[in-house]
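Undergrad: Contents are mmCIF, C-alpha atoms and all ligand atoms; file name model09.cif:
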data_model
loop_
_atom_site.group_PDB
_atom_site.id
_atom_site.type_symbol
_atom_site.label_atom_id
_atom_site.label_comp_id
_atom_site.auth_asym_id
_atom_site.auth_seq_id
_atom_site.Cartn_x
_atom_site.Cartn_y
_atom_site.Cartn_z
ATOM 1 C CA MET A 1 0.000 0.000 0.000
ATOM 2 C CA THR A 2 1.555 3.327 -1.022
ATOM 3 C CA THR A 3 1.196 6.264 1.346
ATOM 4 C CA PRO A 4 -1.328 8.729 -0.114
ATOM 5 C CA LEU A 5 -0.365 12.383 -0.354
ATOM 6 C CA ILE A 6 -3.253 14.408 1.064
ATOM 7 C CA ALA A 7 -3.520 18.205 0.895
ATOM 8 C CA VAL A 8 -6.033 19.628 3.358
ATOM 9 C CA LEU A 9 -7.104 23.208 2.683
ATOM 10 C CA GLY A 10 -9.112 24.785 5.484
ATOM 11 C CA SER A 11 -9.443 26.289 8.909
ATOM 12 C CA ILE A 12 -7.426 26.036 12.078
ATOM 13 C CA ASN A 13 -8.895 27.331 15.351
ATOM 14 C CA MET A 14 -8.201 27.375 19.038
ATOM 15 C CA ASP A 15 -11.239 25.645 20.553
ATOM 16 C CA LEU A 16 -12.405 27.160 23.860
ATOM 17 C CA VAL A 17 -14.321 24.219 25.310
ATOM 18 C CA THR A 18 -16.788 24.425 28.186
ATOM 19 C CA THR A 19 -18.385 21.256 29.533
ATOM 20 C CA THR A 20 -21.809 21.361 31.145
ATOM 21 C CA ALA A 21 -24.615 18.954 32.068
ATOM 22 C CA ALA A 22 -27.001 20.447 29.522
ATOM 23 C CA ARG A 23 -26.413 23.176 26.944
ATOM 24 C CA PRO A 24 -28.290 26.400 27.800
ATOM 25 C CA ALA A 25 -31.556 27.273 26.082
ATOM 26 C CA PRO A 26 -31.809 30.808 24.575
ATOM 27 C CA GLY A 27 -31.702 33.332 27.432
ATOM 28 C CA GLU A 28 -30.773 30.705 30.007
ATOM 29 C CA THR A 29 -27.659 30.720 32.220
ATOM 30 C CA VAL A 30 -26.289 27.352 33.358
ATOM 31 C CA LEU A 31 -23.310 26.333 35.475
ATOM 32 C CA GLY A 32 -20.444 24.629 33.667
ATOM 33 C CA ARG A 33 -18.394 21.653 34.792
ATOM 34 C CA GLY A 34 -15.034 22.597 33.305
ATOM 35 C CA PHE A 35 -13.076 24.528 30.711
ATOM 36 C CA THR A 36 -10.155 23.669 28.445
ATOM 37 C CA MET A 37 -8.459 24.975 25.304
ATOM 38 C CA VAL A 38 -7.697 22.478 22.535
ATOM 39 C CA PRO A 39 -6.468 23.141 18.981
ATOM 40 C CA GLY A 40 -9.153 22.428 16.398
ATOM 41 C CA GLY A 41 -10.705 23.781 13.234
ATOM 42 C CA LYS A 42 -12.214 21.476 10.632
ATOM 43 C CA GLY A 43 -9.232 21.773 8.297
ATOM 44 C CA ALA A 44 -6.593 21.188 10.950
ATOM 45 C CA ASN A 45 -8.551 18.303 12.485
ATOM 46 C CA GLN A 46 -8.840 16.626 9.090
ATOM 47 C CA ALA A 47 -5.137 17.117 8.308
ATOM 48 C CA ILE A 48 -4.155 15.737 11.715
ATOM 49 C CA ALA A 49 -6.523 12.812 11.238
ATOM 50 C CA ALA A 50 -5.080 12.035 7.793
ATOM 51 C CA SER A 51 -1.531 12.161 9.102
ATOM 52 C CA ARG A 52 -2.158 10.121 12.255
ATOM 53 C CA ALA A 53 -4.121 7.548 10.219
ATOM 54 C CA GLY A 54 -1.074 6.931 8.013
ATOM 55 C CA GLY A 55 -1.299 9.474 5.190
ATOM 56 C CA GLN A 56 1.303 12.030 4.159
ATOM 57 C CA ALA A 57 -0.690 15.145 5.013
ATOM 58 C CA MET A 58 -0.076 18.787 4.219
ATOM 59 C CA PHE A 59 -2.141 21.605 5.763
ATOM 60 C CA LEU A 60 -2.909 24.683 3.672
ATOM 61 C CA GLY A 61 -4.414 27.506 5.722
ATOM 62 C CA ALA A 62 -3.515 30.309 8.118
ATOM 63 C CA ILE A 63 -2.745 31.058 11.739
ATOM 64 C CA GLY A 64 -2.540 34.523 13.259
ATOM 65 C CA THR A 65 0.158 36.188 15.351
ATOM 66 C CA ASP A 66 -1.653 35.915 18.696
ATOM 67 C CA VAL A 67 -0.900 33.869 21.807
ATOM 68 C CA PHE A 68 -2.623 30.790 20.320
ATOM 69 C CA ALA A 69 -0.610 30.661 17.083
ATOM 70 C CA PRO A 70 2.435 28.702 18.379
ATOM 71 C CA GLN A 71 0.217 25.989 19.868
ATOM 72 C CA LEU A 72 -1.784 25.714 16.654
ATOM 73 C CA ARG A 73 1.370 25.254 14.597
ATOM 74 C CA ALA A 74 2.783 22.790 17.123
ATOM 75 C CA VAL A 75 -0.191 20.427 17.041
ATOM 76 C CA LEU A 76 0.202 20.102 13.282
ATOM 77 C CA THR A 77 3.936 19.433 13.327
ATOM 78 C CA GLU A 78 3.697 17.072 16.312
ATOM 79 C CA SER A 79 1.133 15.067 14.341
ATOM 80 C CA GLY A 80 3.474 14.834 11.346
ATOM 81 C CA VAL A 81 1.543 17.302 9.175
ATOM 82 C CA ASP A 82 3.615 19.275 6.642
ATOM 83 C CA THR A 83 3.192 22.983 7.469
ATOM 84 C CA THR A 84 5.277 24.536 4.705
ATOM 85 C CA GLY A 85 2.027 25.881 3.200
ATOM 86 C CA LEU A 86 0.878 27.455 6.479
ATOM 87 C CA ARG A 87 0.385 31.226 6.162
ATOM 88 C CA VAL A 88 0.874 33.635 9.069
ATOM 89 C CA ILE A 89 -1.557 36.563 9.061
ATOM 90 C CA ASP A 90 -1.038 39.561 11.329
ATOM 91 C CA GLY A 91 -3.879 39.471 13.899
ATOM 92 C CA PRO A 92 -5.920 36.844 15.751
ATOM 93 C CA SER A 93 -6.074 33.148 14.908
ATOM 94 C CA GLY A 94 -9.439 31.456 14.414
ATOM 95 C CA ILE A 95 -11.404 30.814 17.595
ATOM 96 C CA ALA A 96 -14.220 28.352 18.251
ATOM 97 C CA THR A 97 -16.398 28.639 21.331
ATOM 98 C CA ILE A 98 -17.691 25.150 22.067
ATOM 99 C CA VAL A 99 -20.140 23.863 24.670
ATOM 100 C CA VAL A 100 -20.186 20.105 25.241
ATOM 101 C CA ASP A 101 -22.978 18.504 27.268
ATOM 102 C CA ASP A 102 -23.059 15.254 29.237
ATOM 103 C CA SER A 103 -24.314 13.309 26.213
ATOM 104 C CA GLY A 104 -21.211 14.380 24.275
ATOM 105 C CA GLU A 105 -23.171 16.620 21.900
ATOM 106 C CA ASN A 106 -21.935 20.150 21.234
ATOM 107 C CA SER A 107 -22.774 23.642 20.029
ATOM 108 C CA ILE A 108 -20.049 25.575 18.218
ATOM 109 C CA ILE A 109 -19.540 29.214 17.195
ATOM 110 C CA VAL A 110 -16.528 29.950 14.995
ATOM 111 C CA VAL A 111 -14.936 33.391 14.641
ATOM 112 C CA GLY A 112 -12.723 33.051 11.586
ATOM 113 C CA GLY A 113 -9.762 35.327 12.398
ATOM 114 C CA ALA A 114 -6.805 34.410 10.182
ATOM 115 C CA ASN A 115 -8.930 31.804 8.367
ATOM 116 C CA THR A 116 -10.874 34.609 6.708
ATOM 117 C CA ALA A 117 -7.636 35.863 5.136
ATOM 118 C CA VAL A 118 -7.027 32.646 3.191
ATOM 119 C CA ALA A 119 -7.997 34.520 0.043
ATOM 120 C CA GLY A 120 -6.935 32.875 -3.205
ATOM 121 C CA LEU A 121 -4.321 30.173 -3.714
ATOM 122 C CA THR A 122 -0.625 30.790 -3.142
ATOM 123 C CA THR A 123 2.009 29.232 -5.383
ATOM 124 C CA ALA A 124 2.697 26.752 -2.577
ATOM 125 C CA ASP A 125 -1.003 25.837 -2.438
ATOM 126 C CA ARG A 126 -1.124 25.236 -6.189
ATOM 127 C CA THR A 127 1.993 23.084 -6.138
ATOM 128 C CA ALA A 128 0.740 21.042 -3.194
ATOM 129 C CA ILE A 129 -2.721 20.475 -4.685
ATOM 130 C CA ALA A 130 -1.310 19.479 -8.078
ATOM 131 C CA ALA A 131 1.082 16.981 -6.478
ATOM 132 C CA ALA A 132 -1.468 15.487 -4.058
ATOM 133 C CA ASP A 133 -3.502 12.345 -4.586
ATOM 134 C CA ILE A 134 -6.408 13.893 -2.696
ATOM 135 C CA LEU A 135 -7.500 17.431 -1.820
ATOM 136 C CA VAL A 136 -9.751 17.736 1.247
ATOM 137 C CA CYS A 137 -11.743 20.952 1.848
ATOM 138 C CA GLN A 138 -14.484 22.268 4.132
ATOM 139 C CA LEU A 139 -16.211 25.673 4.353
ATOM 140 C CA GLU A 140 -14.549 27.674 7.153
ATOM 141 C CA ILE A 141 -12.337 29.703 4.783
ATOM 142 C CA PRO A 142 -13.454 32.001 1.924
ATOM 143 C CA LEU A 143 -15.557 29.985 -0.511
ATOM 144 C CA GLU A 144 -13.803 31.448 -3.578
ATOM 145 C CA THR A 145 -10.583 29.868 -2.339
ATOM 146 C CA VAL A 146 -12.283 26.496 -1.923
ATOM 147 C CA ALA A 147 -13.699 26.780 -5.448
ATOM 148 C CA ALA A 148 -10.309 27.742 -6.900
ATOM 149 C CA ALA A 149 -8.662 24.820 -5.123
ATOM 150 C CA ALA A 150 -11.237 22.323 -6.403
ATOM 151 C CA ARG A 151 -10.862 23.679 -9.944
ATOM 152 C CA HIS A 152 -7.072 23.408 -9.723
ATOM 153 C CA ALA A 153 -7.333 19.882 -8.300
ATOM 154 C CA ARG A 154 -9.609 18.732 -11.117
ATOM 155 C CA ALA A 155 -7.168 20.155 -13.680
ATOM 156 C CA HIS A 156 -4.396 18.026 -12.148
ATOM 157 C CA ASP A 157 -6.365 14.788 -11.570
ATOM 158 C CA THR A 158 -6.309 15.253 -7.812
ATOM 159 C CA THR A 159 -9.400 13.676 -6.206
ATOM 160 C CA VAL A 160 -11.521 16.278 -4.372
ATOM 161 C CA ILE A 161 -13.188 15.370 -1.072
ATOM 162 C CA LEU A 162 -15.493 18.143 0.161
ATOM 163 C CA ASN A 163 -17.012 18.281 3.621
ATOM 164 C CA PRO A 164 -19.552 21.083 2.956
ATOM 165 C CA SER A 165 -19.690 22.316 6.529
ATOM 166 C CA PRO A 166 -20.709 24.685 8.010
ATOM 167 C CA VAL A 167 -23.623 24.912 5.588
ATOM 168 C CA GLN A 168 -23.693 27.978 3.312
ATOM 169 C CA HIS A 169 -24.495 28.723 -0.313
ATOM 170 C CA LEU A 170 -22.113 27.099 -2.806
ATOM 171 C CA SER A 171 -21.616 27.824 -6.499
ATOM 172 C CA ASP A 172 -22.640 25.280 -9.124
ATOM 173 C CA GLU A 173 -19.068 25.279 -10.364
ATOM 174 C CA LEU A 174 -17.741 24.033 -7.037
ATOM 175 C CA TRP A 175 -20.110 21.074 -6.986
ATOM 176 C CA GLU A 176 -18.944 20.086 -10.495
ATOM 177 C CA HIS A 177 -15.403 19.633 -9.228
ATOM 178 C CA VAL A 178 -16.233 17.497 -6.207
ATOM 179 C CA ASP A 179 -15.556 13.748 -6.412
ATOM 180 C CA VAL A 180 -16.609 12.799 -2.884
ATOM 181 C CA ALA A 181 -18.931 14.696 -0.505
ATOM 182 C CA VAL A 182 -18.847 13.819 3.203
ATOM 183 C CA VAL A 183 -21.887 15.054 5.141
ATOM 184 C CA ASN A 184 -23.715 14.302 8.368
ATOM 185 C CA THR A 185 -27.440 13.600 8.343
ATOM 186 C CA GLY A 186 -28.407 17.253 8.919
ATOM 187 C CA GLU A 187 -26.148 18.387 6.085
ATOM 188 C CA ALA A 188 -27.462 15.618 3.812
ATOM 189 C CA GLU A 189 -30.963 16.928 4.409
ATOM 190 C CA HIS A 190 -29.889 20.525 3.761
ATOM 191 C CA TRP A 191 -27.979 19.819 0.534
ATOM 192 C CA GLY A 192 -30.623 17.405 -0.727
ATOM 193 C CA SER A 193 -30.658 16.945 -4.504
ATOM 194 C CA LEU A 194 -27.439 18.958 -4.961
ATOM 195 C CA LEU A 195 -25.604 15.892 -3.672
ATOM 196 C CA GLY A 196 -26.936 14.063 -6.737
ATOM 197 C CA ARG A 197 -24.308 15.943 -8.762
ATOM 198 C CA VAL A 198 -21.467 14.330 -6.804
ATOM 199 C CA PRO A 199 -20.241 10.869 -7.894
ATOM 200 C CA HIS A 200 -19.612 9.627 -4.350
ATOM 201 C CA VAL A 201 -21.615 10.719 -1.296
ATOM 202 C CA VAL A 202 -20.747 9.547 2.206
ATOM 203 C CA VAL A 203 -23.259 10.259 4.977
ATOM 204 C CA THR A 204 -22.047 9.881 8.552
ATOM 205 C CA LEU A 205 -24.712 8.451 10.844
ATOM 206 C CA GLY A 206 -23.256 9.023 14.313
ATOM 207 C CA ALA A 207 -23.284 5.824 16.366
ATOM 208 C CA HIS A 208 -24.775 4.004 13.363
ATOM 209 C CA GLY A 209 -21.630 4.400 11.252
ATOM 210 C CA ALA A 210 -21.762 5.715 7.696
ATOM 211 C CA ARG A 211 -23.292 5.043 4.293
ATOM 212 C CA HIS A 212 -21.666 5.449 0.860
ATOM 213 C CA ARG A 213 -23.538 5.958 -2.413
ATOM 214 C CA GLY A 214 -21.447 5.470 -5.531
ATOM 215 C CA PRO A 215 -21.852 6.744 -9.120
ATOM 216 C CA ASP A 216 -23.942 3.670 -10.035
ATOM 217 C CA GLY A 217 -26.311 4.319 -7.119
ATOM 218 C CA ALA A 218 -25.097 1.281 -5.165
ATOM 219 C CA THR A 219 -24.803 1.797 -1.405
ATOM 220 C CA THR A 220 -22.401 0.408 1.191
ATOM 221 C CA THR A 221 -22.611 0.833 4.954
ATOM 222 C CA ALA A 222 -20.130 0.354 7.776
ATOM 223 C CA THR A 223 -20.042 0.851 11.523
ATOM 224 C CA GLY A 224 -17.261 1.443 14.008
ATOM 225 C CA PRO A 225 -16.840 -0.170 17.407
ATOM 226 C CA THR A 226 -19.313 0.617 20.187
ATOM 227 C CA VAL A 227 -17.700 3.180 22.483
ATOM 228 C CA GLN A 228 -18.445 5.334 25.514
ATOM 229 C CA VAL A 229 -19.081 8.798 24.021
ATOM 230 C CA VAL A 230 -17.461 11.739 25.842
ATOM 231 C CA ASP A 231 -17.370 14.420 23.135
ATOM 232 C CA THR A 232 -18.368 14.209 19.473
ATOM 233 C CA THR A 233 -16.408 17.381 18.512
ATOM 234 C CA GLY A 234 -14.085 16.585 15.629
ATOM 235 C CA ALA A 235 -15.401 13.040 15.105
ATOM 236 C CA GLY A 236 -16.661 13.903 11.626
ATOM 237 C CA ASP A 237 -13.332 15.535 10.814
ATOM 238 C CA THR A 238 -11.471 12.460 11.998
ATOM 239 C CA PHE A 239 -13.756 10.321 9.832
ATOM 240 C CA THR A 240 -13.030 12.505 6.783
ATOM 241 C CA GLY A 241 -9.245 12.492 7.248
ATOM 242 C CA ALA A 242 -9.165 8.721 7.743
ATOM 243 C CA LEU A 243 -11.471 8.190 4.754
ATOM 244 C CA ALA A 244 -9.047 10.135 2.555
ATOM 245 C CA VAL A 245 -6.158 7.924 3.665
ATOM 246 C CA ARG A 246 -7.941 4.704 2.638
ATOM 247 C CA TRP A 247 -10.004 6.044 -0.288
ATOM 248 C CA ALA A 248 -7.809 4.318 -2.885
ATOM 249 C CA GLN A 249 -8.702 0.931 -1.334
ATOM 250 C CA GLY A 250 -12.346 1.384 -2.278
ATOM 251 C CA PRO A 251 -15.377 2.751 -0.430
ATOM 252 C CA ALA A 252 -16.083 -0.360 1.664
ATOM 253 C CA ALA A 253 -12.601 -0.585 3.177
ATOM 254 C CA ALA A 254 -12.309 3.183 3.506
ATOM 255 C CA LEU A 255 -15.680 3.457 5.251
ATOM 256 C CA ARG A 256 -14.842 0.719 7.762
ATOM 257 C CA PHE A 257 -11.517 2.364 8.640
ATOM 258 C CA ALA A 258 -13.042 5.856 8.836
ATOM 259 C CA CYS A 259 -15.973 4.709 10.998
ATOM 260 C CA THR A 260 -13.540 3.173 13.464
ATOM 261 C CA ALA A 261 -11.402 6.332 13.544
ATOM 262 C CA GLY A 262 -14.497 8.496 14.017
ATOM 263 C CA SER A 263 -15.813 6.313 16.842
ATOM 264 C CA LEU A 264 -12.494 6.457 18.702
ATOM 265 C CA ALA A 265 -12.477 10.260 18.332
ATOM 266 C CA THR A 266 -15.625 10.518 20.462
ATOM 267 C CA THR A 267 -14.016 8.868 23.496
ATOM 268 C CA THR A 268 -11.849 11.854 24.528
ATOM 269 C CA LEU A 269 -12.638 15.531 25.153
ATOM 270 C CA GLY A 270 -11.412 17.982 22.507
ATOM 271 C CA ALA A 271 -11.068 17.913 18.719
ATOM 272 C CA SER A 272 -7.392 17.409 17.830
ATOM 273 C CA ALA A 273 -6.743 15.805 21.218
ATOM 274 C CA SER A 274 -9.107 12.964 20.369
ATOM 275 C CA VAL A 275 -7.791 12.069 16.902
ATOM 276 C CA PRO A 276 -6.520 8.457 16.964
ATOM 277 C CA TRP A 277 -3.287 7.118 15.454
ATOM 278 C CA ALA A 278 -3.208 4.339 12.830
ATOM 279 C CA ARG A 279 -2.204 1.614 15.318
ATOM 280 C CA ASP A 280 -5.210 2.450 17.547
ATOM 281 C CA ILE A 281 -7.582 2.419 14.585
ATOM 282 C CA GLU A 282 -6.189 -0.895 13.303
ATOM 283 C CA SER A 283 -6.564 -2.585 16.671
ATOM 284 C CA ALA A 284 -10.152 -1.306 17.122
ATOM 285 C CA LEU A 285 -11.415 -2.344 13.650
ATOM 286 C CA PRO A 286 -14.517 -4.528 14.072
ATOM 287 C CA ARG A 287 -13.624 -8.138 13.103
HETATM 288 O O1 LIG A 301 -15.665 20.064 13.468
HETATM 289 C C1 LIG A 301 -15.220 20.492 14.718
HETATM 290 C C2 LIG A 301 -14.502 21.799 14.588
HETATM 291 O O2 LIG A 301 -15.428 22.776 14.140
HETATM 292 C C3 LIG A 301 -13.945 22.357 15.876
HETATM 293 O O3 LIG A 301 -12.637 21.913 16.129
HETATM 294 C C4 LIG A 301 -14.081 23.854 15.690
HETATM 295 O O4 LIG A 301 -12.871 24.530 15.670
HETATM 296 C C5 LIG A 301 -14.873 24.043 14.403
HETATM 297 O O5 LIG A 301 -14.069 24.347 13.335
#
Represent the structure contained in this file as structure tokens.
Ligand code: RIB
TA:
Amino acid sequence: MTTPLIAVLGSINMDLVTTTAARPAPGETVLGRGFTMVPGGKGANQAIAASRAGGQAMFLGAIGTDVFAPQLRAVLTESGVDTTGLRVIDGPSGIATIVVDDSGENSIIVVGGANTAVAGLTTADRTAIAAADILVCQLEIPLETVAAAARHARAHDTTVILNPSPVQHLSDELWEHVDVAVVNTGEAEHWGSLLGRVPHVVVTLGAHGARHRGPDGATTTATGPTVQVVDTTGAGDTFTGALAVRWAQGPAAALRFACTAGSLATTTLGASASVPWARDIESALPR
């Protein structure tokens, strides 16, 4: 098995995580259980997941010049992610305010910071995307940059995996350049028939695993191991990064591996902190 080269273009945030028994209703104040800061961001989580799952991952995105920036860079390099394409933008890094309840479910607000300055592709981005086997994108950076990256990837036969999250309006042109869409059930409902334009659609189903629909309409499902859920933050990102690593082995094998990685990611608090390594995924694969 050759090691896939995976370019992940997207966001990197410092996650400010508060745990509480139940998330507050509008206008309600509740007491929290604890607070921690963990590097996250959909793009960074997916790059870390791809690297830890055995891929050769490169992160394309931006950190700021604030107190969080060194820690954000460090989590990438410590996970083996290539950061030569990481931009440094004068000002704050991305921030996510996250509330996690006792069931492990969360609410997240992202303030983009440096992520919003990832405008257009740099020469390094173009080189990385052209050389990669797979480009992975999400929607926490300017959408024109995502569209340009997908267009560039298509022109160089790089497979495009899009996780269209958080939901916002996308151009028709972007959809045309997507090979694989990875969505959760809420996103699948939102995007509806637009997903019909994408050859491969993978829907994550939480504790019930994931389902793949291929270009011929055939479906495959897989589940991960049963686990004790602590925090679902970043589980979908872990799934997506792991899926990219095994995509060349076919949807069935890739889904099984990604479901296991995603399940393991729910067992620990924090996004990047919960991303499993290849050896842990391999040993937890359902037999
Ligand atoms: O998908 C989880 C991620 O969404 C968090 O790490 C947070 O930073 C937001 O980007």
Undergrad: Please produce, as JSON lines, a per-residue contact table for chain A versus ligand LIG 301 (chain A) (criterion: any atom at most 9 Å away, only C-alpha atoms and all ligand atoms considered), showing the nearest atom pair and its distance in Å to one decimal, sorted by chain then residue number.
TA:
{"residue": "A:Ser11", "atom": "CA", "partner": "A:LIG301", "partner_atom": "O5", "distance": 6.7}
{"residue": "A:Ile12", "atom": "CA", "partner": "A:LIG301", "partner_atom": "O4", "distance": 6.7}
{"residue": "A:Asn13", "atom": "CA", "partner": "A:LIG301", "partner_atom": "O4", "distance": 4.9}
{"residue": "A:Met14", "atom": "CA", "partner": "A:LIG301", "partner_atom": "O4", "distance": 6.4}
{"residue": "A:Asp15", "atom": "CA", "partner": "A:LIG301", "partner_atom": "O4", "distance": 5.3}
{"residue": "A:Leu16", "atom": "CA", "partner": "A:LIG301", "partner_atom": "O4", "distance": 8.6}
{"residue": "A:Val38", "atom": "CA", "partner": "A:LIG301", "partner_atom": "O3", "distance": 8.1}
{"residue": "A:Pro39", "atom": "CA", "partner": "A:LIG301", "partner_atom": "O3", "distance": 6.9}
{"residue": "A:Gly40", "atom": "CA", "partner": "A:LIG301", "partner_atom": "O3", "distance": 3.5}
{"residue": "A:Gly41", "atom": "CA", "partner": "A:LIG301", "partner_atom": "O4", "distance": 3.3}
{"residue": "A:Lys42", "atom": "CA", "partner": "A:LIG301", "partner_atom": "O5", "distance": 4.4}
{"residue": "A:Gly43", "atom": "CA", "partner": "A:LIG301", "partner_atom": "O5", "distance": 7.4}
{"residue": "A:Ala44", "atom": "CA", "partner": "A:LIG301", "partner_atom": "O3", "distance": 8.0}
{"residue": "A:Asn45", "atom": "CA", "partner": "A:LIG301", "partner_atom": "O3", "distance": 6.6}
{"residue": "A:Gln46", "atom": "CA", "partner": "A:LIG301", "partner_atom": "O1", "distance": 8.8}
{"residue": "A:Gly94", "atom": "CA", "partner": "A:LIG301", "partner_atom": "O4", "distance": 7.8}
{"residue": "A:Ile95", "atom": "CA", "partner": "A:LIG301", "partner_atom": "O4", "distance": 6.7}
{"residue": "A:Ala96", "atom": "CA", "partner": "A:LIG301", "partner_atom": "O4", "distance": 4.8}
{"residue": "A:Thr97", "atom": "CA", "partner": "A:LIG301", "partner_atom": "C4", "distance": 7.8}
{"residue": "A:Ile98", "atom": "CA", "partner": "A:LIG301", "partner_atom": "C4", "distance": 7.4}
{"residue": "A:Ile108", "atom": "CA", "partner": "A:LIG301", "partner_atom": "C5", "distance": 6.6}
{"residue": "A:Ile109", "atom": "CA", "partner": "A:LIG301", "partner_atom": "C5", "distance": 7.5}
{"residue": "A:Val110", "atom": "CA", "partner": "A:LIG301", "partner_atom": "C5", "distance": 6.2}
{"residue": "A:Gly112", "atom": "CA", "partner": "A:LIG301", "partner_atom": "O5", "distance": 9.0}
{"residue": "A:Glu140", "atom": "CA", "partner": "A:LIG301", "partner_atom": "O5", "distance": 7.0}
{"residue": "A:Ser165", "atom": "CA", "partner": "A:LIG301", "partner_atom": "O1", "distance": 8.3}
{"residue": "A:Pro166", "atom": "CA", "partner": "A:LIG301", "partner_atom": "O2", "distance": 8.3}
{"residue": "A:Thr232", "atom": "CA", "partner": "A:LIG301", "partner_atom": "C1", "distance": 8.5}
{"residue": "A:Thr233", "atom": "CA", "partner": "A:LIG301", "partner_atom": "C1", "distance": 5.0}
{"residue": "A:Gly234", "atom": "CA", "partner": "A:LIG301", "partner_atom": "C1", "distance": 4.2}
{"residue": "A:Ala235", "atom": "CA", "partner": "A:LIG301", "partner_atom": "O1", "distance": 7.2}
{"residue": "A:Gly236", "atom": "CA", "partner": "A:LIG301", "partner_atom": "O1", "distance": 6.5}
{"residue": "A:Asp237", "atom": "CA", "partner": "A:LIG301", "partner_atom": "O1", "distance": 5.7}
{"residue": "A:Thr238", "atom": "CA", "partner": "A:LIG301", "partner_atom": "O1", "distance": 8.8}
{"residue": "A:Gly270", "atom": "CA", "partner": "A:LIG301", "partner_atom": "O3", "distance": 7.6}
{"residue": "A:Ala271", "atom": "CA", "partner": "A:LIG301", "partner_atom": "O3", "distance": 5.0}
{"residue": "A:Ser272", "atom": "CA", "partner": "A:LIG301", "partner_atom": "O3", "distance": 7.1}
Undergrad: Write the residues you've just listed into a file as a JSON list (two decimals), in the frame of the given file, and include C-alpha atoms for each of them.
TA:
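Result file follows (selection.json):
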[["chain", "number", "residue", "atom", "x", "y", "z"],
["A", 11, "SER", "CA", -9.44, 26.29, 8.91],
["A", 12, "ILE", "CA", -7.43, 26.04, 12.08],
["A", 13, "ASN", "CA", -8.90, 27.33, 15.35],
["A", 14, "MET", "CA", -8.20, 27.38, 19.04],
["A", 15, "ASP", "CA", -11.24, 25.64, 20.55],
["A", 16, "LEU", "CA", -12.40, 27.16, 23.86],
["A", 38, "VAL", "CA", -7.70, 22.48, 22.54],
["A", 39, "PRO", "CA", -6.47, 23.14, 18.98],
["A", 40, "GLY", "CA", -9.15, 22.43, 16.40],
["A", 41, "GLY", "CA", -10.70, 23.78, 13.23],
["A", 42, "LYS", "CA", -12.21, 21.48, 10.63],
["A", 43, "GLY", "CA", -9.23, 21.77, 8.30],
["A", 44, "ALA", "CA", -6.59, 21.19, 10.95],
["A", 45, "ASN", "CA", -8.55, 18.30, 12.48],
["A", 46, "GLN", "CA", -8.84, 16.63, 9.09],
["A", 94, "GLY", "CA", -9.44, 31.46, 14.41],
["A", 95, "ILE", "CA", -11.40, 30.81, 17.60],
["A", 96, "ALA", "CA", -14.22, 28.35, 18.25],
["A", 97, "THR", "CA", -16.40, 28.64, 21.33],
["A", 98, "ILE", "CA", -17.69, 25.15, 22.07],
["A", 108, "ILE", "CA", -20.05, 25.58, 18.22],
["A", 109, "ILE", "CA", -19.54, 29.21, 17.20],
["A", 110, "VAL", "CA", -16.53, 29.95, 15.00],
["A", 112, "GLY", "CA", -12.72, 33.05, 11.59],
["A", 140, "GLU", "CA", -14.55, 27.67, 7.15],
["A", 165, "SER", "CA", -19.69, 22.32, 6.53],
["A", 166, "PRO", "CA", -20.71, 24.68, 8.01],
["A", 232, "THR", "CA", -18.37, 14.21, 19.47],
["A", 233, "THR", "CA", -16.41, 17.38, 18.51],
["A", 234, "GLY", "CA", -14.08, 16.58, 15.63],
["A", 235, "ALA", "CA", -15.40, 13.04, 15.10],
["A", 236, "GLY", "CA", -16.66, 13.90, 11.63],
["A", 237, "ASP", "CA", -13.33, 15.54, 10.81],
["A", 238, "THR", "CA", -11.47, 12.46, 12.00],
["A", 270, "GLY", "CA", -11.41, 17.98, 22.51],
["A", 271, "ALA", "CA", -11.07, 17.91, 18.72],
["A", 272, "SER", "CA", -7.39, 17.41, 17.83]]
Undergrad: I need the residue nearest Ala273 of chain A from this list: A:Thr2, A:Ser103, A:Thr223, A:Thr36. Use only C-alpha atoms for the distance.
TA: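 That would be A:Thr36, the residue with the smallest distance to Ala273 of chain A.
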Undergrad: My list of candidates is A:Thr266, A:Asp172, A:Asn115, A:Thr260. Which is closest to Arg287 of chain A when distances are computed with all atoms listed in the file?
TA: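 Ranked by minimum distance to Arg287 of chain A, first place goes to A:Thr260.
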Undergrad: Provide the atom CA of Phe59 of chain A to atom CA of Thr83 of chain A distance in Å, to one decimal place.
TA: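 So the two atoms, atom CA of Phe59 of chain A and atom CA of Thr83 of chain A, lie 5.8 Å apart.
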Undergrad: I need the residue nearest Asp216 of chain A from this list: A:Val198, A:Val230, A:Thr267, A:Gly80. Use only C-alpha atoms for the distance.
TA: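 The closest residue to Asp216 of chain A is A:Val198.
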Undergrad: Looking at A:Ala284, A:His156, A:Pro199, A:Pro92, which one is nearest to Glu176 of chain A, with distances taken over all atoms listed in the file?
TA: A:Pro199
Undergrad: Might you pull out every residue within 10 Å of Val229 of chain A, with all atoms listed in the file counted and same-chain residues fewer than 3 positions away left off, and present them as a ChimeraX atom specification?
TA: /A:102-105,207,226,232,263-269
Undergrad: For His152 of chain A, work out the shell of residues within 10 Å, counting only C-alpha atoms and skipping chain neighbours fewer than 4 positions away, then give it as a ChimeraX atom specification.
TA: /A:121,125-127,129-130,135,146-148,156-158,160,177
Undergrad: Take the selection from the previous step and output its residues with C-alpha atoms, as a compact mmCIF listing (two decimals), in the frame of the given file.
TA:
# COMPACT_ATOMS: atom_id res chain seq x y z
CA LEU A 121 -4.32 30.17 -3.71
CA ASP A 125 -1.00 25.84 -2.44
CA ARG A 126 -1.12 25.24 -6.19
CA THR A 127 1.99 23.08 -6.14
CA ILE A 129 -2.72 20.48 -4.68
CA ALA A 130 -1.31 19.48 -8.08
CA LEU A 135 -7.50 17.43 -1.82
CA VAL A 146 -12.28 26.50 -1.92
CA ALA A 147 -13.70 26.78 -5.45
CA ALA A 148 -10.31 27.74 -6.90
CA HIS A 156 -4.40 18.03 -12.15
CA ASP A 157 -6.36 14.79 -11.57
CA THR A 158 -6.31 15.25 -7.81
CA VAL A 160 -11.52 16.28 -4.37
CA HIS A 177 -15.40 19.63 -9.23
